[in-house]
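Encoded as structure tokens, the structure appears first; notes follow it.
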Amino acid sequence: MASYILLMFLIPASAIIMEDTVPPMLEECYSGQVDKNITPYEVQTSCLESFLGQMYNNTSTLRLGKEAFAWLDSLGRDIQIRLRRQSRRRNNQYYTNRMRVRKEIRTLSEDEREDFFDAVRALKADKSVAPNQYDVLALMHQGDAVDSAHGGPNFVSWHRYYLLLFENALRTKKRRVTLPYWDSTLDYLMDKPEDTILFTEIFLGNPKGVVYSGPFALWNTPTDPPTILRRDIPGAFSSLINPQTLQQVFKKKYHREILTPTNVEDDANLEYHHDGVHVWVGGEDGHMGGVYTSPMDPTFFLHHCYIDYLWEQFRQRQKKFGINSETDYPPTTDTYHSPSRIMDNLKPPKKNSDGYSNSFTRNIYRYAPAPTCKNKCGRAKRGFLFCDRKKKACVSRSRNEFRKEDGFKSVKNWYRGGGKKIIPQSVKNSSPQIGPLGNSRNIGVNSVAADTSGFVSKVDARQTRANKAPKMTRKFKARIVDPRTKSRQRRSIDQSFASSNVRIAFDINMHLRQENGNNNSLNWIPYNLDNWAVAPIAITNTHDRLHTPGQDHLKNQRTFNITFQTDGFSYRGRHMEYITVDERTLTSESVGSIAFEKPVSGETKAYVRAYDSYGKLCQPSCLVSQSMYKECSGMIKVTSDYPRMYFESYNGAFDSNMKPFLKFICVN
């Protein structure tokens, strides 16, 4: 360990970094959970996340007002009331029969389909909360949810609750509406999936460029600056869900085998199957391709509803093996995915593990089976789906096949010219007036050019050129790729920033994180580091020869990590970094770094903690004199006075003469 030369003879009362008091609310939470049968790490994580959630509830980075949060609270309370009411009646067959039934969108009746579209459009038009009810829900996918709802076991639980909030919002507009799902395996099996009937004006609108047809035509989206909804189907190096590859998921028994980060096989990772569809729809510049922007396209909710369907099928399979899905929450040291952490942005407050409850599909909704040849493709219209005898599966019709099957004769309305319109009898009875494919000369709100299928062209080149694409700060990345999409070349490259073999990543909400390599499905971009200061910390690690036998399988590993985490109490932000410790060394001393917002005016308050790969907490100590440390809470206060005990730039270079104010003792 490097020797340090003390720059000050004593640490004065007005020290640049000093110990601070733990907020009473946080202290009360700690003491209130002492007797519970959970580890100190779980107690600390639960209390810390709950405290931070309450502290920032009214200063959210989501750009939403109090009215928006109040509306979201009301949606969440309705769910809570229904759960309590239905739990008392769950043995009553009458109420069981009244459960919502989620179906594949192409199996809906025309009335059901149009009611769904009308409800979504009504949310977008309702400006009782700013910017409107639909956009409020879309923005809930931002902020800390970007980290806590992706790349870990909370992926399935957070999105399950999110879908239910969205469905409840729809039912305030049309009380019998139920969220449908999009089974993209039906489209994967097509020769040209991009020609699917789903992306036409009968369903979701055109597949490429600015969305100028369908029920969501020319939607303004709450990006910065605002942009018009667009898609880029099929995205390069992407994939719809391959039914053959998907079988690997259902060969597993436990959640840890199908979810990040404990899953070891890409084909068996449910989140990886999900990622490919985002890239397929969003491509290079479509909203679905961005983590922040994807819910701005209603396709998001249909896609995630199918992921929830697949998860429910997996849970039903677990039941046959006698596995309790509610308690099968995979182990993780990622604080964002801790089972006791409060779900980000969703109201009312719920723990991550609450999404694993059976109460949702036992009391509120259930799924109609996915279309198969055996169930006659869910009794969908012949122009939408058909049973392919060679593939032994239902397959989506293309826009041209729909025409050949006289599909227009069985459908009353489509969405053109900015609204729902009756399909002209001339289109139903005879060939439409053909315009050159891709010709957008006469395409607009009230005039559209048709291709040989009778539908509008798949892209309006003029509108797409005239309107800027949204800025993608973080994009989904497909790990499972359909070879048919590899021929599409990307027009840009991913951006990243690396320093000292550690990947540093920021999101737009001042949320700082460090990742070793690229361990999740998201791409990261660099962020301006000018607002951050850095200070050294000391870590002493000692191996306990009397360790718990249950950890033997972990102790056989050559190395493990010690993570140190800094949470802002006077600012909204989090820094995480780790060091790697060699298992074969009984005692080791290392130097790490913590980062916090610069105390430009006044003072900065932050809470620092450290824990190892097994979730065991390290004991913090604070410098009290030239060479003496005393046990402390890890709560610090930083001022801008001189001489400073921190560095004003995040460049990875430290003065070895600076004495760390904090020291952590780790025993494992």
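Residue numbers start at 1 in each chain; chains themselves are named A, B, ... in the order of the structure tokens; ligands are numbered from 1 in the order shown.
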
For segment 192-209 of chain A, list every protein, DNA or RNA residue within 7 Å, evaluated using only C-alpha atoms, and leave out those in the same chain fewer than 5 positions away; present the list as a JSON list (two decimals) with N, CA, C and O atoms, in the first residue's frame.
```json
[["chain", "number", "residue", "atom", "x", "y", "z"],
["A", 187, "ASP", "N", -44.21, -13.08, -36.88],
["A", 187, "ASP", "CA", -43.63, -12.28, -37.94],
["A", 187, "ASP", "C", -42.23, -12.78, -38.31],
["A", 187, "ASP", "O", -41.81, -12.69, -39.46],
["A", 214, "GLY", "N", -51.71, 5.07, -39.84],
["A", 214, "GLY", "CA", -52.05, 4.33, -38.65],
["A", 214, "GLY", "C", -52.60, 5.22, -37.55],
["A", 214, "GLY", "O", -52.66, 6.45, -37.69],
["A", 215, "PRO", "N", -52.97, 4.63, -36.42],
["A", 215, "PRO", "CA", -53.63, 5.40, -35.35],
["A", 215, "PRO", "C", -52.71, 6.39, -34.64],
["A", 215, "PRO", "O", -53.19, 7.27, -33.93],
["A", 230, "ARG", "N", -41.07, 7.96, -35.21],
["A", 230, "ARG", "CA", -40.53, 7.31, -36.40],
["A", 230, "ARG", "C", -40.04, 5.90, -36.07],
["A", 230, "ARG", "O", -39.83, 5.54, -34.91],
["A", 231, "ARG", "N", -39.88, 5.11, -37.14],
["A", 231, "ARG", "CA", -39.40, 3.72, -37.03],
["A", 231, "ARG", "C", -38.34, 3.48, -38.10],
["A", 231, "ARG", "O", -38.19, 4.28, -39.04],
["A", 232, "ASP", "N", -37.64, 2.37, -37.98],
["A", 232, "ASP", "CA", -36.61, 2.03, -38.94],
["A", 232, "ASP", "C", -36.57, 0.52, -39.12],
["A", 232, "ASP", "O", -35.56, -0.14, -38.86],
["A", 233, "ILE", "N", -37.70, -0.04, -39.55],
["A", 233, "ILE", "CA", -37.86, -1.49, -39.69],
["A", 233, "ILE", "C", -37.34, -1.96, -41.04],
["A", 233, "ILE", "O", -37.70, -1.38, -42.07],
["A", 234, "PRO", "N", -36.50, -3.02, -41.09],
["A", 234, "PRO", "CA", -35.92, -3.74, -39.96],
["A", 234, "PRO", "C", -34.56, -3.15, -39.58],
["A", 234, "PRO", "O", -33.73, -2.85, -40.44],
["A", 384, "PHE", "N", -55.06, -11.88, -41.58],
["A", 384, "PHE", "CA", -54.08, -11.47, -40.57],
["A", 384, "PHE", "C", -53.06, -12.58, -40.28],
["A", 384, "PHE", "O", -51.86, -12.33, -40.24],
["A", 396, "SER", "N", -47.74, -14.60, -39.68],
["A", 396, "SER", "CA", -48.45, -13.37, -40.05],
["A", 396, "SER", "C", -48.54, -13.24, -41.56],
["A", 396, "SER", "O", -47.63, -13.61, -42.29],
["A", 397, "ARG", "N", -49.65, -12.68, -42.04],
["A", 397, "ARG", "CA", -49.79, -12.35, -43.44],
["A", 397, "ARG", "C", -48.97, -11.08, -43.73],
["A", 397, "ARG", "O", -48.81, -10.21, -42.88],
["A", 398, "SER", "N", -48.52, -10.98, -44.97],
["A", 398, "SER", "CA", -47.88, -9.75, -45.43],
["A", 398, "SER", "C", -48.97, -8.82, -45.96],
["A", 398, "SER", "O", -50.12, -9.21, -46.14],
["A", 399, "ARG", "N", -48.61, -7.59, -46.22],
["A", 399, "ARG", "CA", -49.58, -6.63, -46.76],
["A", 399, "ARG", "C", -50.10, -7.10, -48.12],
["A", 399, "ARG", "O", -51.29, -6.94, -48.43],
["A", 414, "TRP", "N", -59.79, 1.80, -41.40],
["A", 414, "TRP", "CA", -58.35, 1.90, -41.26],
["A", 414, "TRP", "C", -58.03, 3.32, -40.81],
["A", 414, "TRP", "O", -58.93, 4.15, -40.65],
["A", 415, "TYR", "N", -56.75, 3.59, -40.55],
["A", 415, "TYR", "CA", -56.35, 4.90, -40.04],
["A", 415, "TYR", "C", -55.51, 5.60, -41.09],
["A", 415, "TYR", "O", -54.35, 5.25, -41.34],
["A", 416, "ARG", "N", -56.14, 6.58, -41.72],
["A", 416, "ARG", "CA", -55.48, 7.39, -42.73],
["A", 416, "ARG", "C", -55.86, 8.84, -42.55],
["A", 416, "ARG", "O", -56.93, 9.14, -42.01],
["A", 455, "PHE", "N", -52.21, -0.61, -49.51],
["A", 455, "PHE", "CA", -51.83, 0.19, -48.35],
["A", 455, "PHE", "C", -50.92, 1.33, -48.79],
["A", 455, "PHE", "O", -50.38, 1.32, -49.90],
["A", 458, "LYS", "N", -44.51, 2.17, -47.55],
["A", 458, "LYS", "CA", -43.92, 1.89, -46.24],
["A", 458, "LYS", "C", -43.14, 3.07, -45.68],
["A", 458, "LYS", "O", -42.88, 3.14, -44.49],
["A", 459, "VAL", "N", -42.75, 4.00, -46.54],
["A", 459, "VAL", "CA", -41.99, 5.16, -46.06],
["A", 459, "VAL", "C", -42.41, 6.40, -46.83],
["A", 459, "VAL", "O", -42.68, 6.35, -48.03],
["A", 460, "ASP", "N", -42.51, 7.50, -46.12],
["A", 460, "ASP", "CA", -42.72, 8.80, -46.74],
["A", 460, "ASP", "C", -41.37, 9.52, -46.68],
["A", 460, "ASP", "O", -41.00, 10.10, -45.66],
["A", 464, "THR", "N", -39.83, 12.20, -43.83],
["A", 464, "THR", "CA", -38.72, 11.68, -43.03],
["A", 464, "THR", "C", -37.50, 12.59, -43.14],
["A", 464, "THR", "O", -36.82, 12.85, -42.15]]
```

Selection near Arg113 of chain A, 12 Å with only C-alpha atoms, sequence-local residues under 4 positions removed, as a short mmCIF file (atom, residue, chain, number, x, y, z; two decimals) with N, CA and C atoms, in the first residue's frame:
```cif
data_model
loop_
_atom_site.label_atom_id
_atom_site.label_comp_id
_atom_site.auth_asym_id
_atom_site.auth_seq_id
_atom_site.Cartn_x
_atom_site.Cartn_y
_atom_site.Cartn_z
N ARG A 102 -55.84 -10.81 -21.81
CA ARG A 102 -54.95 -10.18 -22.79
C ARG A 102 -54.75 -11.13 -23.97
N LYS A 103 -54.97 -10.61 -25.19
CA LYS A 103 -54.91 -11.45 -26.39
C LYS A 103 -53.88 -10.90 -27.37
N GLU A 104 -53.45 -11.76 -28.29
CA GLU A 104 -52.59 -11.30 -29.38
C GLU A 104 -53.38 -10.30 -30.21
N ILE A 105 -52.76 -9.21 -30.59
CA ILE A 105 -53.49 -8.09 -31.19
C ILE A 105 -54.21 -8.48 -32.48
N ARG A 106 -53.67 -9.43 -33.23
CA ARG A 106 -54.31 -9.82 -34.49
C ARG A 106 -55.49 -10.76 -34.29
N THR A 107 -55.71 -11.19 -33.04
CA THR A 107 -56.87 -12.04 -32.75
C THR A 107 -58.03 -11.25 -32.16
N LEU A 108 -57.83 -9.94 -31.95
CA LEU A 108 -58.92 -9.11 -31.43
C LEU A 108 -60.01 -8.95 -32.49
N SER A 109 -61.23 -8.76 -32.02
CA SER A 109 -62.29 -8.37 -32.95
C SER A 109 -62.02 -6.95 -33.40
N PHE A 117 -57.09 1.19 -29.74
CA PHE A 117 -56.47 2.34 -30.39
C PHE A 117 -57.11 3.65 -29.93
N ASP A 118 -58.42 3.65 -29.80
CA ASP A 118 -59.11 4.87 -29.36
C ASP A 118 -58.68 5.27 -27.95
N ALA A 119 -58.50 4.28 -27.08
CA ALA A 119 -58.08 4.57 -25.71
C ALA A 119 -56.67 5.15 -25.67
N VAL A 120 -55.77 4.58 -26.48
CA VAL A 120 -54.39 5.09 -26.53
C VAL A 120 -54.39 6.53 -27.04
N LYS A 174 -61.67 3.76 -21.95
CA LYS A 174 -62.58 2.72 -22.43
C LYS A 174 -62.56 1.62 -21.38
N ARG A 176 -63.60 -1.31 -20.78
CA ARG A 176 -63.43 -2.74 -21.02
C ARG A 176 -62.17 -3.07 -21.84
N VAL A 177 -61.36 -2.06 -22.08
CA VAL A 177 -60.14 -2.29 -22.87
C VAL A 177 -59.12 -3.10 -22.07
N THR A 178 -58.48 -4.02 -22.74
CA THR A 178 -57.39 -4.79 -22.15
C THR A 178 -56.19 -4.70 -23.08
N LEU A 179 -55.02 -4.57 -22.50
CA LEU A 179 -53.80 -4.43 -23.28
C LEU A 179 -53.52 -5.70 -24.09
N PRO A 180 -53.40 -5.61 -25.41
CA PRO A 180 -53.06 -6.80 -26.21
C PRO A 180 -51.55 -6.99 -26.27
N TYR A 181 -51.13 -8.16 -26.72
CA TYR A 181 -49.69 -8.40 -26.87
C TYR A 181 -49.36 -8.64 -28.34
N ILE A 202 -54.07 -0.47 -40.85
CA ILE A 202 -55.10 -1.18 -40.09
C ILE A 202 -54.66 -1.38 -38.64
N PHE A 203 -53.34 -1.52 -38.45
CA PHE A 203 -52.82 -1.78 -37.11
C PHE A 203 -51.95 -0.62 -36.61
N LEU A 204 -50.63 -0.71 -36.75
CA LEU A 204 -49.73 0.22 -36.06
C LEU A 204 -49.16 1.32 -36.95
N PRO A 215 -52.97 4.63 -36.42
CA PRO A 215 -53.63 5.40 -35.35
C PRO A 215 -52.71 6.39 -34.64
N ALA A 380 -58.00 -15.72 -35.59
CA ALA A 380 -57.76 -14.44 -36.28
C ALA A 380 -58.30 -14.51 -37.70
N VAL A 411 -62.71 -6.06 -43.15
CA VAL A 411 -62.33 -4.98 -42.25
C VAL A 411 -63.10 -3.72 -42.63
N LYS A 412 -63.62 -3.04 -41.64
CA LYS A 412 -64.45 -1.86 -41.92
C LYS A 412 -63.62 -0.58 -42.01
N ASN A 413 -62.68 -0.41 -41.07
CA ASN A 413 -61.97 0.87 -40.96
C ASN A 413 -60.46 0.70 -41.05
N TRP A 414 -59.79 1.80 -41.40
CA TRP A 414 -58.35 1.90 -41.26
C TRP A 414 -58.03 3.32 -40.81
#
```

| field | Which residue of A:Met343, A:Ile79, A:Val667, A:Leu186 approaches Lys391 of chain A most closely, using only C-alpha atoms | value |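 With only C-alpha atoms as the atom set, the closest residue is A:Leu186.
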
| task | Compare A:Asp73, A:Asp567, A:Asp183, A:Asp267 by their minimum atom-to-atom distance to Asn345 of chain A, counting only C-alpha atoms, and give me the closest one. | result |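 Of A:Asp73, A:Asp567, A:Asp183, A:Asp267, the one nearest Asn345 of chain A is A:Asp73, counting only C-alpha atoms.
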
| field | DSSP strand (DSSP E or B) selection over segment 173-415 of chain A, as number ranges by chain | value | A: 181, 196, 208-210, 220-221, 227-228, 230-232, 290, 342, 351, 365-367, 385-388, 393-396, 398, 413-415

| task | For Trp219 of chain A, please output as JSON, numbers by chain all residues within 6 Å (counting only C-alpha atoms; exclusion window: fewer than 2 positions along the same chain). | result | {"A": [216, 217, 228, 229]}

| task | Would you please work out which residue, of A:Pro349, A:Gly235, A:Pro339, A:Pro226, is nearest to Tyr161 of chain A when using only C-alpha atoms? | result |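 Using only C-alpha atoms, Tyr161 of chain A sits closest to A:Pro349.
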
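Using only C-alpha atoms for every distance, the candidate list A:Val281, A:Val591, A:Val291, A:Met25 yields A:Val291 as the residue closest to Gly151 of chain A.
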
| To one decimal place, how far is atom CA of Lys173 of chain A from atom CA of Leu123 of chain A in Å? |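 Separating atom CA of Lys173 of chain A from atom CA of Leu123 of chain A is a distance of 7.5 Å.
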
| Given the choices A:Val624, A:Ile342, A:Leu189, A:Met288, which gets closest to Thr45 of chain A if the distance is worked out from only C-alpha atoms? |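 Among the listed residues, the smallest separation from Thr45 of chain A belongs to A:Ile342.
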
| In Å, how far is it from atom CA of Asp406 of chain A to atom CA of Val427 of chain A? | 10.1 Å

| task | Going by DSSP on the backbone, which bits of segment 382-420 of chain A are alpha helix (DSSP H)? Write them as a ChimeraX atom specification, please. | result | /A:399-404
